[in-house]
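Structure file upload_9.cif (mmCIF, C-alpha atoms and all ligand atoms) is printed below.
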data_structure
#
loop_
_atom_site.group_PDB
_atom_site.id
_atom_site.type_symbol
_atom_site.label_atom_id
_atom_site.label_comp_id
_atom_site.auth_asym_id
_atom_site.auth_seq_id
_atom_site.Cartn_x
_atom_site.Cartn_y
_atom_site.Cartn_z
ATOM 1 C CA MET S 1 31.119 29.220 -5.646
ATOM 2 C CA THR S 2 28.496 26.594 -6.391
ATOM 3 C CA LYS S 3 24.893 27.300 -5.449
ATOM 4 C CA VAL S 4 23.015 24.274 -4.065
ATOM 5 C CA GLU S 5 19.297 24.923 -3.566
ATOM 6 C CA MET S 6 16.296 22.974 -2.389
ATOM 7 C CA ILE S 7 13.226 23.688 -4.528
ATOM 8 C CA TYR S 8 10.059 23.943 -2.454
ATOM 9 C CA PRO S 9 7.637 22.291 -1.761
ATOM 10 C CA GLN S 10 9.637 19.270 -0.581
ATOM 11 C CA GLY S 11 8.674 15.972 1.014
ATOM 12 C CA TYR S 12 5.310 14.493 1.836
ATOM 13 C CA CYS S 13 2.136 16.122 0.513
ATOM 14 C CA ALA S 14 -0.989 16.237 2.706
ATOM 15 C CA GLY S 15 -2.438 13.078 1.118
ATOM 16 C CA VAL S 16 0.707 11.041 1.738
ATOM 17 C CA LYS S 17 1.027 12.343 5.320
ATOM 18 C CA ASN S 18 -2.572 11.326 5.977
ATOM 19 C CA ALA S 19 -2.103 7.823 4.503
ATOM 20 C CA ILE S 20 1.081 7.148 6.497
ATOM 21 C CA SER S 21 -0.503 8.400 9.679
ATOM 22 C CA ILE S 22 -3.574 6.129 9.176
ATOM 23 C CA ALA S 23 -1.282 3.139 8.578
ATOM 24 C CA LYS S 24 0.888 3.827 11.637
ATOM 25 C CA GLU S 25 -2.107 4.470 13.912
ATOM 26 C CA SER S 26 -3.661 1.168 12.803
ATOM 27 C CA LYS S 27 -0.942 -0.655 14.773
ATOM 28 C CA ASN S 28 -2.081 1.031 18.014
ATOM 29 C CA LYS S 29 -5.767 0.709 17.219
ATOM 30 C CA TYR S 30 -5.643 -2.970 16.238
ATOM 31 C CA PRO S 31 -2.589 -4.397 18.072
ATOM 32 C CA ASN S 32 -3.795 -8.011 17.830
ATOM 33 C CA LYS S 33 -4.968 -8.051 14.229
ATOM 34 C CA LYS S 34 -3.206 -8.712 10.972
ATOM 35 C CA ILE S 35 -2.935 -5.509 8.915
ATOM 36 C CA PHE S 36 -2.618 -5.368 5.118
ATOM 37 C CA ILE S 37 -2.481 -2.630 2.473
ATOM 38 C CA LEU S 38 -4.177 -3.218 -0.892
ATOM 39 C CA GLY S 39 -1.124 -2.397 -3.043
ATOM 40 C CA ASN S 40 1.435 0.323 -2.340
ATOM 41 C CA LEU S 41 0.170 2.766 0.302
ATOM 42 C CA VAL S 42 2.146 5.490 -1.510
ATOM 43 C CA HIS S 43 4.634 5.109 -4.340
ATOM 44 C CA ASN S 44 7.852 4.964 -2.364
ATOM 45 C CA GLN S 45 9.667 1.729 -1.527
ATOM 46 C CA ILE S 46 11.400 3.211 1.546
ATOM 47 C CA VAL S 47 7.983 3.971 3.066
ATOM 48 C CA ILE S 48 6.636 0.525 2.147
ATOM 49 C CA ASN S 49 9.687 -1.199 3.681
ATOM 50 C CA ALA S 50 9.309 0.837 6.892
ATOM 51 C CA LEU S 51 5.657 -0.258 7.187
ATOM 52 C CA GLU S 52 6.625 -3.900 6.562
ATOM 53 C CA LYS S 53 9.108 -3.597 9.437
ATOM 54 C CA ILE S 54 6.338 -2.681 11.874
ATOM 55 C CA GLY S 55 4.204 -5.582 10.637
ATOM 56 C CA ILE S 56 1.992 -3.933 7.996
ATOM 57 C CA SER S 57 2.089 -6.042 4.820
ATOM 58 C CA THR S 58 1.607 -4.767 1.288
ATOM 59 C CA ILE S 59 -0.494 -7.003 -0.957
ATOM 60 C CA SER S 60 0.706 -7.412 -4.536
ATOM 61 C CA GLY S 61 -0.628 -9.560 -7.397
ATOM 62 C CA ASP S 62 -4.316 -10.419 -7.702
ATOM 63 C CA PHE S 63 -6.163 -8.146 -5.230
ATOM 64 C CA GLU S 64 -9.500 -9.936 -5.566
ATOM 65 C CA ASP S 65 -7.940 -13.283 -4.796
ATOM 66 C CA ALA S 66 -5.972 -11.806 -1.883
ATOM 67 C CA LEU S 67 -9.062 -10.147 -0.341
ATOM 68 C CA ASN S 68 -11.013 -13.373 -0.632
ATOM 69 C CA ASN S 69 -8.308 -15.229 1.257
ATOM 70 C CA LEU S 70 -7.485 -12.840 4.117
ATOM 71 C CA PRO S 71 -8.394 -13.954 7.666
ATOM 72 C CA LYS S 72 -11.947 -12.772 8.493
ATOM 73 C CA ASP S 73 -11.165 -10.020 11.009
ATOM 74 C CA SER S 74 -8.017 -8.643 9.358
ATOM 75 C CA VAL S 75 -7.558 -4.928 8.742
ATOM 76 C CA ILE S 76 -7.321 -3.778 5.118
ATOM 77 C CA ILE S 77 -6.007 -0.301 4.295
ATOM 78 C CA PHE S 78 -6.989 1.268 0.964
ATOM 79 C CA PRO S 79 -4.017 3.254 -0.420
ATOM 80 C CA ALA S 80 -3.693 6.992 -1.110
ATOM 81 C CA HIS S 81 -4.330 6.974 -4.852
ATOM 82 C CA GLY S 82 -7.510 4.907 -4.852
ATOM 83 C CA HIS S 83 -8.643 1.438 -5.914
ATOM 84 C CA ASP S 84 -11.202 -0.327 -8.087
ATOM 85 C CA GLU S 85 -14.584 0.213 -6.391
ATOM 86 C CA LYS S 86 -15.416 -3.504 -6.522
ATOM 87 C CA TYR S 87 -12.862 -4.099 -3.744
ATOM 88 C CA ASP S 88 -15.020 -2.140 -1.278
ATOM 89 C CA GLN S 89 -17.820 -4.658 -1.643
ATOM 90 C CA ILE S 90 -15.504 -7.671 -1.442
ATOM 91 C CA ALA S 91 -13.806 -6.337 1.709
ATOM 92 C CA GLU S 92 -17.182 -5.614 3.330
ATOM 93 C CA SER S 93 -18.644 -9.002 2.419
ATOM 94 C CA LYS S 94 -15.585 -10.743 3.885
ATOM 95 C CA GLY S 95 -16.026 -8.896 7.206
ATOM 96 C CA LEU S 96 -12.659 -7.127 6.963
ATOM 97 C CA ILE S 97 -12.001 -3.949 8.955
ATOM 98 C CA ILE S 98 -11.579 -1.234 6.317
ATOM 99 C CA LEU S 99 -9.322 1.792 6.812
ATOM 100 C CA ASP S 100 -9.663 4.362 4.064
ATOM 101 C CA ALA S 101 -6.356 6.180 3.337
ATOM 102 C CA VAL S 102 -7.469 7.542 -0.056
ATOM 103 C CA CYS S 103 -6.354 11.169 -0.527
ATOM 104 C CA PHE S 104 -9.112 13.809 -0.283
ATOM 105 C CA LYS S 105 -8.181 15.123 -3.739
ATOM 106 C CA VAL S 106 -8.517 11.695 -5.364
ATOM 107 C CA LYS S 107 -11.924 11.296 -3.687
ATOM 108 C CA GLN S 108 -12.990 14.742 -4.843
ATOM 109 C CA ASN S 109 -12.227 13.821 -8.464
ATOM 110 C CA ALA S 110 -14.186 10.568 -8.165
ATOM 111 C CA SER S 111 -17.122 12.518 -6.836
ATOM 112 C CA ILE S 112 -16.997 15.014 -9.758
ATOM 113 C CA ILE S 113 -17.011 12.068 -12.197
ATOM 114 C CA LYS S 114 -20.020 10.499 -10.431
ATOM 115 C CA ASP S 115 -21.943 13.780 -10.590
ATOM 116 C CA TYR S 116 -21.461 14.102 -14.357
ATOM 117 C CA ILE S 117 -22.232 10.433 -14.996
ATOM 118 C CA ALA S 118 -25.468 10.875 -13.010
ATOM 119 C CA LYS S 119 -26.340 13.827 -15.265
ATOM 120 C CA GLY S 120 -25.937 11.572 -18.331
ATOM 121 C CA HIS S 121 -22.507 12.772 -19.542
ATOM 122 C CA GLN S 122 -19.632 10.746 -20.870
ATOM 123 C CA VAL S 123 -16.232 11.320 -19.274
ATOM 124 C CA ILE S 124 -12.820 11.536 -20.917
ATOM 125 C CA TYR S 125 -10.350 10.595 -18.194
ATOM 126 C CA ILE S 126 -6.766 11.616 -18.956
ATOM 127 C CA GLY S 127 -4.380 9.344 -17.098
ATOM 128 C CA ILE S 128 -1.791 6.590 -17.133
ATOM 129 C CA LYS S 129 -3.120 3.086 -17.796
ATOM 130 C CA ASN S 130 -2.961 0.772 -14.759
ATOM 131 C CA HIS S 131 -2.046 3.550 -12.306
ATOM 132 C CA PRO S 132 -4.279 2.898 -9.232
ATOM 133 C CA GLU S 133 -5.969 6.291 -9.528
ATOM 134 C CA THR S 134 -6.828 5.657 -13.178
ATOM 135 C CA THR S 135 -8.072 2.163 -12.376
ATOM 136 C CA ALA S 136 -10.225 3.618 -9.588
ATOM 137 C CA CYS S 137 -11.809 6.281 -11.813
ATOM 138 C CA LEU S 138 -12.436 3.892 -14.714
ATOM 139 C CA SER S 139 -14.170 1.484 -12.323
ATOM 140 C CA ILE S 140 -16.868 4.099 -11.585
ATOM 141 C CA ASP S 141 -18.794 3.574 -14.844
ATOM 142 C CA GLU S 142 -18.326 2.257 -18.378
ATOM 143 C CA ASN S 143 -18.923 5.784 -19.668
ATOM 144 C CA VAL S 144 -15.606 6.887 -18.182
ATOM 145 C CA ARG S 145 -13.160 6.446 -21.098
ATOM 146 C CA LEU S 146 -9.403 6.502 -20.701
ATOM 147 C CA TYR S 147 -7.330 9.001 -22.661
ATOM 148 C CA ASP S 148 -3.981 7.275 -22.076
ATOM 149 C CA ILE S 149 -1.285 9.975 -22.213
ATOM 150 C CA LYS S 150 1.004 7.509 -23.953
ATOM 151 C CA LYS S 151 -1.429 6.663 -26.786
ATOM 152 C CA ASP S 152 -3.701 8.264 -29.379
ATOM 153 C CA PHE S 153 -7.316 8.593 -28.277
ATOM 154 C CA ASP S 154 -10.184 7.257 -30.384
ATOM 155 C CA PHE S 155 -12.628 10.206 -30.314
ATOM 156 C CA SER S 156 -15.333 8.208 -32.117
ATOM 157 C CA GLN S 157 -16.136 6.406 -28.841
ATOM 158 C CA ILE S 158 -17.544 9.689 -27.409
ATOM 159 C CA SER S 159 -21.083 10.533 -28.540
ATOM 160 C CA ASP S 160 -21.692 13.280 -25.938
ATOM 161 C CA ASP S 161 -21.221 16.833 -27.392
ATOM 162 C CA SER S 162 -20.147 18.127 -24.005
ATOM 163 C CA PRO S 163 -18.217 15.373 -22.228
ATOM 164 C CA LEU S 164 -16.520 15.989 -18.907
ATOM 165 C CA VAL S 165 -12.728 16.045 -19.317
ATOM 166 C CA ILE S 166 -10.883 15.287 -16.098
ATOM 167 C CA ASN S 167 -7.465 13.899 -15.223
ATOM 168 C CA GLN S 168 -5.209 11.962 -12.897
ATOM 169 C CA THR S 169 -3.938 14.304 -10.162
ATOM 170 C CA THR S 170 -0.220 13.813 -10.835
ATOM 171 C CA LEU S 171 0.129 14.516 -14.564
ATOM 172 C CA ASN S 172 2.554 16.903 -16.263
ATOM 173 C CA PHE S 173 0.760 20.303 -16.314
ATOM 174 C CA LEU S 174 2.430 21.355 -19.586
ATOM 175 C CA GLU S 175 1.425 18.147 -21.360
ATOM 176 C CA LEU S 176 -2.115 18.385 -19.964
ATOM 177 C CA THR S 177 -2.632 21.822 -21.540
ATOM 178 C CA ASP S 178 -1.704 20.398 -24.966
ATOM 179 C CA ILE S 179 -4.123 17.486 -24.502
ATOM 180 C CA HIS S 180 -6.925 19.882 -23.516
ATOM 181 C CA ASP S 181 -6.278 21.903 -26.686
ATOM 182 C CA GLU S 182 -6.493 18.744 -28.781
ATOM 183 C CA ILE S 183 -9.762 17.664 -27.127
ATOM 184 C CA LYS S 184 -11.286 21.130 -27.655
ATOM 185 C CA LYS S 185 -10.699 20.723 -31.402
ATOM 186 C CA HIS S 186 -13.039 17.694 -31.340
ATOM 187 C CA PHE S 187 -15.522 18.896 -28.706
ATOM 188 C CA LYS S 188 -15.746 22.669 -28.445
ATOM 189 C CA ASN S 189 -18.322 22.342 -25.639
ATOM 190 C CA ALA S 190 -16.244 19.903 -23.587
ATOM 191 C CA ILE S 191 -16.412 20.631 -19.848
ATOM 192 C CA ILE S 192 -12.739 20.806 -18.943
ATOM 193 C CA GLN S 193 -11.689 20.435 -15.321
ATOM 194 C CA ASN S 194 -7.966 20.637 -14.659
ATOM 195 C CA GLU S 195 -7.549 18.487 -11.562
ATOM 196 C CA ILE S 196 -3.784 18.326 -11.083
ATOM 197 C CA CYS S 197 -3.401 18.588 -7.306
ATOM 198 C CA ASN S 198 -1.757 21.641 -5.728
ATOM 199 C CA SER S 199 1.184 19.704 -4.395
ATOM 200 C CA THR S 200 2.032 18.316 -7.846
ATOM 201 C CA ARG S 201 1.459 21.596 -9.673
ATOM 202 C CA LYS S 202 3.528 23.724 -7.267
ATOM 203 C CA ARG S 203 6.519 21.359 -7.564
ATOM 204 C CA GLN S 204 6.294 21.402 -11.356
ATOM 205 C CA GLU S 205 5.991 25.206 -11.530
ATOM 206 C CA ALA S 206 8.953 25.633 -9.181
ATOM 207 C CA ILE S 207 11.124 23.624 -11.577
ATOM 208 C CA VAL S 208 9.958 25.597 -14.611
ATOM 209 C CA ASN S 209 10.721 28.844 -12.720
ATOM 210 C CA LEU S 210 14.323 27.909 -11.895
ATOM 211 C CA GLU S 211 16.902 30.406 -13.112
ATOM 212 C CA ASP S 212 18.359 29.700 -16.551
ATOM 213 C CA ASP S 213 21.851 29.151 -15.150
ATOM 214 C CA VAL S 214 20.818 25.907 -13.398
ATOM 215 C CA ASP S 215 23.141 23.145 -14.660
ATOM 216 C CA LEU S 216 22.089 20.126 -12.575
ATOM 217 C CA ILE S 217 18.586 19.165 -11.372
ATOM 218 C CA VAL S 218 18.345 16.196 -9.020
ATOM 219 C CA ILE S 219 14.842 14.779 -8.512
ATOM 220 C CA VAL S 220 14.533 12.648 -5.368
ATOM 221 C CA GLY S 221 11.834 9.996 -5.385
ATOM 222 C CA ASP S 222 10.800 6.512 -6.388
ATOM 223 C CA LYS S 223 10.909 5.432 -10.021
ATOM 224 C CA ALA S 224 7.378 4.016 -9.577
ATOM 225 C CA SER S 225 5.990 7.407 -8.540
ATOM 226 C CA SER S 226 3.999 9.227 -11.229
ATOM 227 C CA ASN S 227 4.487 12.713 -9.779
ATOM 228 C CA THR S 228 8.244 12.101 -9.398
ATOM 229 C CA ASN S 229 8.590 10.993 -13.029
ATOM 230 C CA ARG S 230 6.652 14.046 -14.191
ATOM 231 C CA LEU S 231 9.113 16.299 -12.294
ATOM 232 C CA LEU S 232 11.962 14.729 -14.231
ATOM 233 C CA GLU S 233 10.135 15.209 -17.550
ATOM 234 C CA ILE S 234 9.528 18.870 -16.734
ATOM 235 C CA ALA S 235 13.129 19.441 -15.620
ATOM 236 C CA LYS S 236 14.357 18.041 -18.941
ATOM 237 C CA SER S 237 11.924 19.981 -21.103
ATOM 238 C CA ALA S 238 12.111 23.325 -19.248
ATOM 239 C CA HIS S 239 15.917 23.273 -18.810
ATOM 240 C CA PRO S 240 17.340 21.311 -21.754
ATOM 241 C CA ASN S 241 20.865 22.636 -21.130
ATOM 242 C CA ALA S 242 20.966 21.292 -17.584
ATOM 243 C CA GLU S 243 21.680 17.693 -16.596
ATOM 244 C CA SER S 244 18.623 16.177 -14.877
ATOM 245 C CA TYR S 245 18.169 12.780 -13.284
ATOM 246 C CA LEU S 246 16.174 10.891 -10.677
ATOM 247 C CA VAL S 247 17.540 9.167 -7.557
ATOM 248 C CA SER S 248 15.589 7.140 -5.032
ATOM 249 C CA ASN S 249 18.345 7.148 -2.377
ATOM 250 C CA VAL S 250 21.721 8.693 -1.645
ATOM 251 C CA GLY S 251 23.568 5.660 -3.049
ATOM 252 C CA GLU S 252 22.219 6.457 -6.525
ATOM 253 C CA LEU S 253 23.677 9.965 -6.584
ATOM 254 C CA ASP S 254 26.179 10.253 -9.437
ATOM 255 C CA LYS S 255 29.192 11.950 -7.821
ATOM 256 C CA ASN S 256 30.693 12.724 -11.236
ATOM 257 C CA SER S 257 27.612 14.739 -12.147
ATOM 258 C CA ILE S 258 28.283 17.194 -9.309
ATOM 259 C CA ILE S 259 31.828 18.066 -10.376
ATOM 260 C CA ASN S 260 32.197 21.465 -12.062
ATOM 261 C CA LYS S 261 28.520 22.375 -11.633
ATOM 262 C CA LYS S 262 27.719 25.969 -10.652
ATOM 263 C CA HIS S 263 24.011 25.794 -9.793
ATOM 264 C CA ILE S 264 22.471 22.561 -8.480
ATOM 265 C CA ALA S 265 18.741 22.319 -7.685
ATOM 266 C CA ILE S 266 17.068 19.525 -5.716
ATOM 267 C CA SER S 267 13.371 18.700 -6.028
ATOM 268 C CA SER S 268 11.409 15.720 -4.702
ATOM 269 C CA GLY S 269 8.255 13.729 -5.317
ATOM 270 C CA ALA S 270 5.295 13.963 -2.934
ATOM 271 C CA SER S 271 5.953 10.560 -1.320
ATOM 272 C CA THR S 272 9.679 11.006 -0.676
ATOM 273 C CA PRO S 273 10.724 10.886 3.006
ATOM 274 C CA ALA S 274 12.421 14.077 4.302
ATOM 275 C CA GLU S 275 15.357 11.988 5.615
ATOM 276 C CA THR S 276 16.149 10.779 2.071
ATOM 277 C CA ILE S 277 16.016 14.319 0.655
ATOM 278 C CA ASN S 278 18.193 15.702 3.467
ATOM 279 C CA MET S 279 20.806 12.971 3.013
ATOM 280 C CA ILE S 280 21.113 13.841 -0.671
ATOM 281 C CA TYR S 281 21.320 17.567 0.047
ATOM 282 C CA GLU S 282 24.064 16.968 2.653
ATOM 283 C CA GLU S 283 25.977 14.679 0.314
ATOM 284 C CA ILE S 284 25.999 17.318 -2.436
ATOM 285 C CA VAL S 285 26.891 20.199 -0.091
ATOM 286 C CA ASN S 286 29.670 18.125 1.521
ATOM 287 C CA ALA S 287 31.143 17.338 -1.897
ATOM 288 C CA PHE S 288 31.964 21.058 -2.230
ATOM 289 C CA ALA S 289 33.173 21.434 1.352
ATOM 290 C CA LYS S 290 36.030 18.953 0.791
HETATM 291 S S1 LIG L 301 0.143 13.865 -4.800
HETATM 292 FE FE1 LIG L 301 -1.752 15.054 -4.702
HETATM 293 S S2 LIG L 301 -3.384 13.584 -5.122
HETATM 294 FE FE2 LIG L 301 -1.538 12.405 -4.607
HETATM 295 S S3 LIG L 301 -1.687 11.999 -2.406
HETATM 296 FE FE3 LIG L 301 -0.540 13.920 -2.668
HETATM 297 S S4 LIG L 301 -2.081 15.585 -2.529
HETATM 298 FE FE4 LIG L 301 -3.155 13.646 -2.920
#

Since I need it in another form, could you write the structure as structure tokens?
Amino acid sequence: MTKVEMIYPQGYCAGVKNAISIAKESKNKYPNKKIFILGNLVHNQIVINALEKIGISTISGDFEDALNNLPKDSVIIFPAHGHDEKYDQIAESKGLIILDAVCFKVKQNASIIKDYIAKGHQVIYIGIKNHPETTACLSIDENVRLYDIKKDFDFSQISDDSPLVINQTTLNFLELTDIHDEIKKHFKNAIIQNEICNSTRKRQEAIVNLEDDVDLIVIVGDKASSNTNRLLEIAKSAHPNAESYLVSNVGELDKNSIINKKHIAISSGASTPAETINMIYEEIVNAFAK
């Protein structure tokens, strides 16, 4: 008998729910205006396509250029994971109607960074280069320096004995601990704040805590989603004997991977629609019912 289990939490986190609700409500609030989002509202193409269908367009390419060329009384929505602060001023100066869908947790981190900068500290920001949240935090001040998780960090650029160390909310919690240990070797008085959000951390811990007999882990989410990719990394490192892979929709499910498995676990990124997760669960369960 094969065990097929959903690993909780599943589906939208609070920040994604809030962003989608702001976007959908904007259609009722501003029925006669053009509505745009400055980049992906959340990192899931199914969600972005659904918003396009109701007339909410996602801007890609050069944001500054796009903002400068939008019709004067358009609505601009700032996405869940933040944006370069200079876009606030441009949007205001152009007379755009601004809707702020930035997640409370992302805002909280920006505010911690501002507090420490105001106190004269340097900041080591651990994140992924060009992710919107990283771009947003780096735009706060030149004393916020990126520790790119994919590269070595040049510690000589930090002259503060006790820099603030803070991070993107959707990093791998196991990898972050190693990075903190490395930073502490250089700055024993570093002020370390682990700011992985609850939604991300709980999903990662649930994968680590899976029973050892798990032999297939399916992660449901978009390949552009940081938290989804981190779930896959953790599944592979915590359960090296299991097969683990990521699917963004039911069509990507590898039917051959299900055959002969005894314990299948399904997890999902924080911006994955419940319908997508349920379709994949049903598809797997039905494969054993035949
Ligand atoms: S994953 Fe975390 S930081 Fe990102 S929107 Fe959700 S709650 Fe906010």

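Residues of protein, DNA or RNA having any atom at most 6 Å from ligand LIG 301 (chain L), counting only C-alpha atoms and all ligand atoms, are Cys13, Ala14, Gly15, Val16, Ala80, Cys103, Lys105, Val106, Thr169, Cys197, Ser199, Thr200 and Ala270 of chain S.
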
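Shortest separation to Lys188 in chain S among S:Ile258, S:Leu171, S:Val165, S:Met1 occurs at residue S:Val165, atoms counted being only C-alpha atoms.
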
ask   = Do you know which residues are at most 8 Å from Val220 in chain S counting all atoms listed in the file, after dropping those on the same chain fewer than 2 positions away, and could you put them as a list in words?
value = Val218, Asp222, Thr228, Leu246, Val247, Ser248, Asn249, Ile266, Ser267, Ser268, Gly269, Thr272, Thr276 and Ile277 of chain S

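Of the listed residues (S:Lys184, S:Lys17, S:His121, S:His239), S:His121 comes nearest to Asp141 in chain S; the distances count all atoms listed in the file.
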
Residue members of the PyMOL selection byres (((chain S and resi 287) around 12) and not hetatm) in the file shown, as a PDB file with C-alpha atoms, in the coordinates of the input:
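Final output, expr39.pdb:
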ATOM      1  CA  THR S   2      28.496  26.594  -6.391  1.00  0.00           C
ATOM      2  CA  VAL S   4      23.015  24.274  -4.065  1.00  0.00           C
ATOM      3  CA  LEU S 253      23.677   9.965  -6.584  1.00  0.00           C
ATOM      4  CA  ASP S 254      26.179  10.253  -9.437  1.00  0.00           C
ATOM      5  CA  LYS S 255      29.192  11.950  -7.821  1.00  0.00           C
ATOM      6  CA  ASN S 256      30.693  12.724 -11.236  1.00  0.00           C
ATOM      7  CA  SER S 257      27.612  14.739 -12.147  1.00  0.00           C
ATOM      8  CA  ILE S 258      28.283  17.194  -9.309  1.00  0.00           C
ATOM      9  CA  ILE S 259      31.828  18.066 -10.376  1.00  0.00           C
ATOM     10  CA  ASN S 260      32.197  21.465 -12.062  1.00  0.00           C
ATOM     11  CA  LYS S 261      28.520  22.375 -11.633  1.00  0.00           C
ATOM     12  CA  ILE S 280      21.113  13.841  -0.671  1.00  0.00           C
ATOM     13  CA  TYR S 281      21.320  17.567   0.047  1.00  0.00           C
ATOM     14  CA  GLU S 282      24.064  16.968   2.653  1.00  0.00           C
ATOM     15  CA  GLU S 283      25.977  14.679   0.314  1.00  0.00           C
ATOM     16  CA  ILE S 284      25.999  17.318  -2.436  1.00  0.00           C
ATOM     17  CA  VAL S 285      26.891  20.199  -0.091  1.00  0.00           C
ATOM     18  CA  ASN S 286      29.670  18.125   1.521  1.00  0.00           C
ATOM     19  CA  PHE S 288      31.964  21.058  -2.230  1.00  0.00           C
ATOM     20  CA  ALA S 289      33.173  21.434   1.352  1.00  0.00           C
ATOM     21  CA  LYS S 290      36.030  18.953   0.791  1.00  0.00           C
TER      22      LYS S 290
END

request  = Record the distance separating CA of Asp73 in chain S and CA of His131 in chain S, expressed in Å with one decimal.
outcome  = 28.5 Å

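Going from CA of Met279 in chain S to CA of Phe173 in chain S covers 28.8 Å.
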
inquiry  = Just to confirm, what's the straight-line distance from CA of Val214 in chain S to CA of Met6 in chain S in Å (one decimal)?
reply    = 12.3 Å

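For the residues S:Ile20, S:Gly82, S:Glu243, S:Asn32, ranking by smallest atom-to-atom distance to Ala50 in chain S using all atoms listed in the file places S:Ile20 first.
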
Given the file shown, enumerate the residues that the PyMOL selection byres (((chain S and resi 190) around 10) and not hetatm) captures and present them as a tab-separated table (two decimals) with C-alpha atoms, in the frame of the given file.
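Below you can see result.tsv, which holds the result:
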chain	number	residue	atom	x	y	z
S	123	VAL	CA	-16.23	11.32	-19.27
S	124	ILE	CA	-12.82	11.54	-20.92
S	160	ASP	CA	-21.69	13.28	-25.94
S	161	ASP	CA	-21.22	16.83	-27.39
S	162	SER	CA	-20.15	18.13	-24.00
S	163	PRO	CA	-18.22	15.37	-22.23
S	164	LEU	CA	-16.52	15.99	-18.91
S	165	VAL	CA	-12.73	16.05	-19.32
S	180	HIS	CA	-6.92	19.88	-23.52
S	183	ILE	CA	-9.76	17.66	-27.13
S	184	LYS	CA	-11.29	21.13	-27.66
S	185	LYS	CA	-10.70	20.72	-31.40
S	186	HIS	CA	-13.04	17.69	-31.34
S	187	PHE	CA	-15.52	18.90	-28.71
S	188	LYS	CA	-15.75	22.67	-28.44
S	189	ASN	CA	-18.32	22.34	-25.64
S	191	ILE	CA	-16.41	20.63	-19.85
S	192	ILE	CA	-12.74	20.81	-18.94
S	193	GLN	CA	-11.69	20.43	-15.32

inquiry  = as a ChimeraX atom specification, please: the residues near Glu25 in chain S (cut-off 12 Å, only C-alpha atoms, same-chain neighbours under 5 positions excluded).
reply    = /S:18-20,30-31,35,51,54,56,77,99,101

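Using all atoms listed in the file, the smallest distance between any of S:Ser139, S:Asn68, S:Thr134, S:Ser74 and Ile98 in chain S comes from S:Ser74.
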
Would you write out, as an mmCIF file with C-alpha atoms, in the frame of the given file, every residue that the PyMOL selection byres (((chain S and resi 113) around 9) and not hetatm) captures in this file?
data_model
loop_
_atom_site.group_PDB
_atom_site.id
_atom_site.type_symbol
_atom_site.label_atom_id
_atom_site.label_comp_id
_atom_site.auth_asym_id
_atom_site.auth_seq_id
_atom_site.Cartn_x
_atom_site.Cartn_y
_atom_site.Cartn_z
ATOM 1 C CA GLN S 108 -12.990 14.742 -4.843
ATOM 2 C CA ASN S 109 -12.227 13.821 -8.464
ATOM 3 C CA ALA S 110 -14.186 10.568 -8.165
ATOM 4 C CA SER S 111 -17.122 12.518 -6.836
ATOM 5 C CA ILE S 112 -16.997 15.014 -9.758
ATOM 6 C CA LYS S 114 -20.020 10.499 -10.431
ATOM 7 C CA ASP S 115 -21.943 13.780 -10.590
ATOM 8 C CA TYR S 116 -21.461 14.102 -14.357
ATOM 9 C CA ILE S 117 -22.232 10.433 -14.996
ATOM 10 C CA ALA S 118 -25.468 10.875 -13.010
ATOM 11 C CA VAL S 123 -16.232 11.320 -19.274
ATOM 12 C CA CYS S 137 -11.809 6.281 -11.813
ATOM 13 C CA ILE S 140 -16.868 4.099 -11.585
ATOM 14 C CA VAL S 144 -15.606 6.887 -18.182
ATOM 15 C CA LEU S 164 -16.520 15.989 -18.907
ATOM 16 C CA ILE S 166 -10.883 15.287 -16.098
#

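With distances restricted to all atoms listed in the file, S:Leu67 is the closest residue to Gly95 in chain S from S:Leu67, S:Ile207, S:Leu38, S:Gly120.
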
Just the residues within 12 Å of Leu70 in chain S, please, counting only C-alpha atoms, with nothing from its chain fewer than 4 positions along; format it as a JSON list (two decimals) with C-alpha atoms, in the coordinates of the input.
[["chain", "number", "residue", "atom", "x", "y", "z"],
["S", 33, "LYS", "CA", -4.97, -8.05, 14.23],
["S", 34, "LYS", "CA", -3.21, -8.71, 10.97],
["S", 35, "ILE", "CA", -2.94, -5.51, 8.91],
["S", 36, "PHE", "CA", -2.62, -5.37, 5.12],
["S", 37, "ILE", "CA", -2.48, -2.63, 2.47],
["S", 38, "LEU", "CA", -4.18, -3.22, -0.89],
["S", 57, "SER", "CA", 2.09, -6.04, 4.82],
["S", 59, "ILE", "CA", -0.49, -7.00, -0.96],
["S", 63, "PHE", "CA", -6.16, -8.15, -5.23],
["S", 64, "GLU", "CA", -9.50, -9.94, -5.57],
["S", 65, "ASP", "CA", -7.94, -13.28, -4.80],
["S", 66, "ALA", "CA", -5.97, -11.81, -1.88],
["S", 74, "SER", "CA", -8.02, -8.64, 9.36],
["S", 75, "VAL", "CA", -7.56, -4.93, 8.74],
["S", 76, "ILE", "CA", -7.32, -3.78, 5.12],
["S", 90, "ILE", "CA", -15.50, -7.67, -1.44],
["S", 91, "ALA", "CA", -13.81, -6.34, 1.71],
["S", 93, "SER", "CA", -18.64, -9.00, 2.42],
["S", 94, "LYS", "CA", -15.58, -10.74, 3.88],
["S", 95, "GLY", "CA", -16.03, -8.90, 7.21],
["S", 96, "LEU", "CA", -12.66, -7.13, 6.96],
["S", 97, "ILE", "CA", -12.00, -3.95, 8.96]]

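If you measure from each of S:Ile7, S:His43, S:Asp62, S:Glu182 to Lys202 in chain S using all atoms listed in the file, the closest one turns out to be S:Ile7.
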
Would you compute an axis-aligned box for range 128-134 of chain S, covering every atom listed for it in the file with 4 Å of margin on each side, and report centre and edge lengths in Å to one decimal as lines of an AutoDock Vina configuration file?
center_x = -4.3
center_y = 3.7
center_z = -13.5
size_x = 13.0
size_y = 13.8
size_z = 16.6

task = Mind checking which residues fall within 12 Å of Pro240 in chain S, counting all atoms listed in the file, ignoring those fewer than 4 positions away in the same chain, and posting them as a ChimeraX atom specification?
result = /S:208,212-217,232-236,244
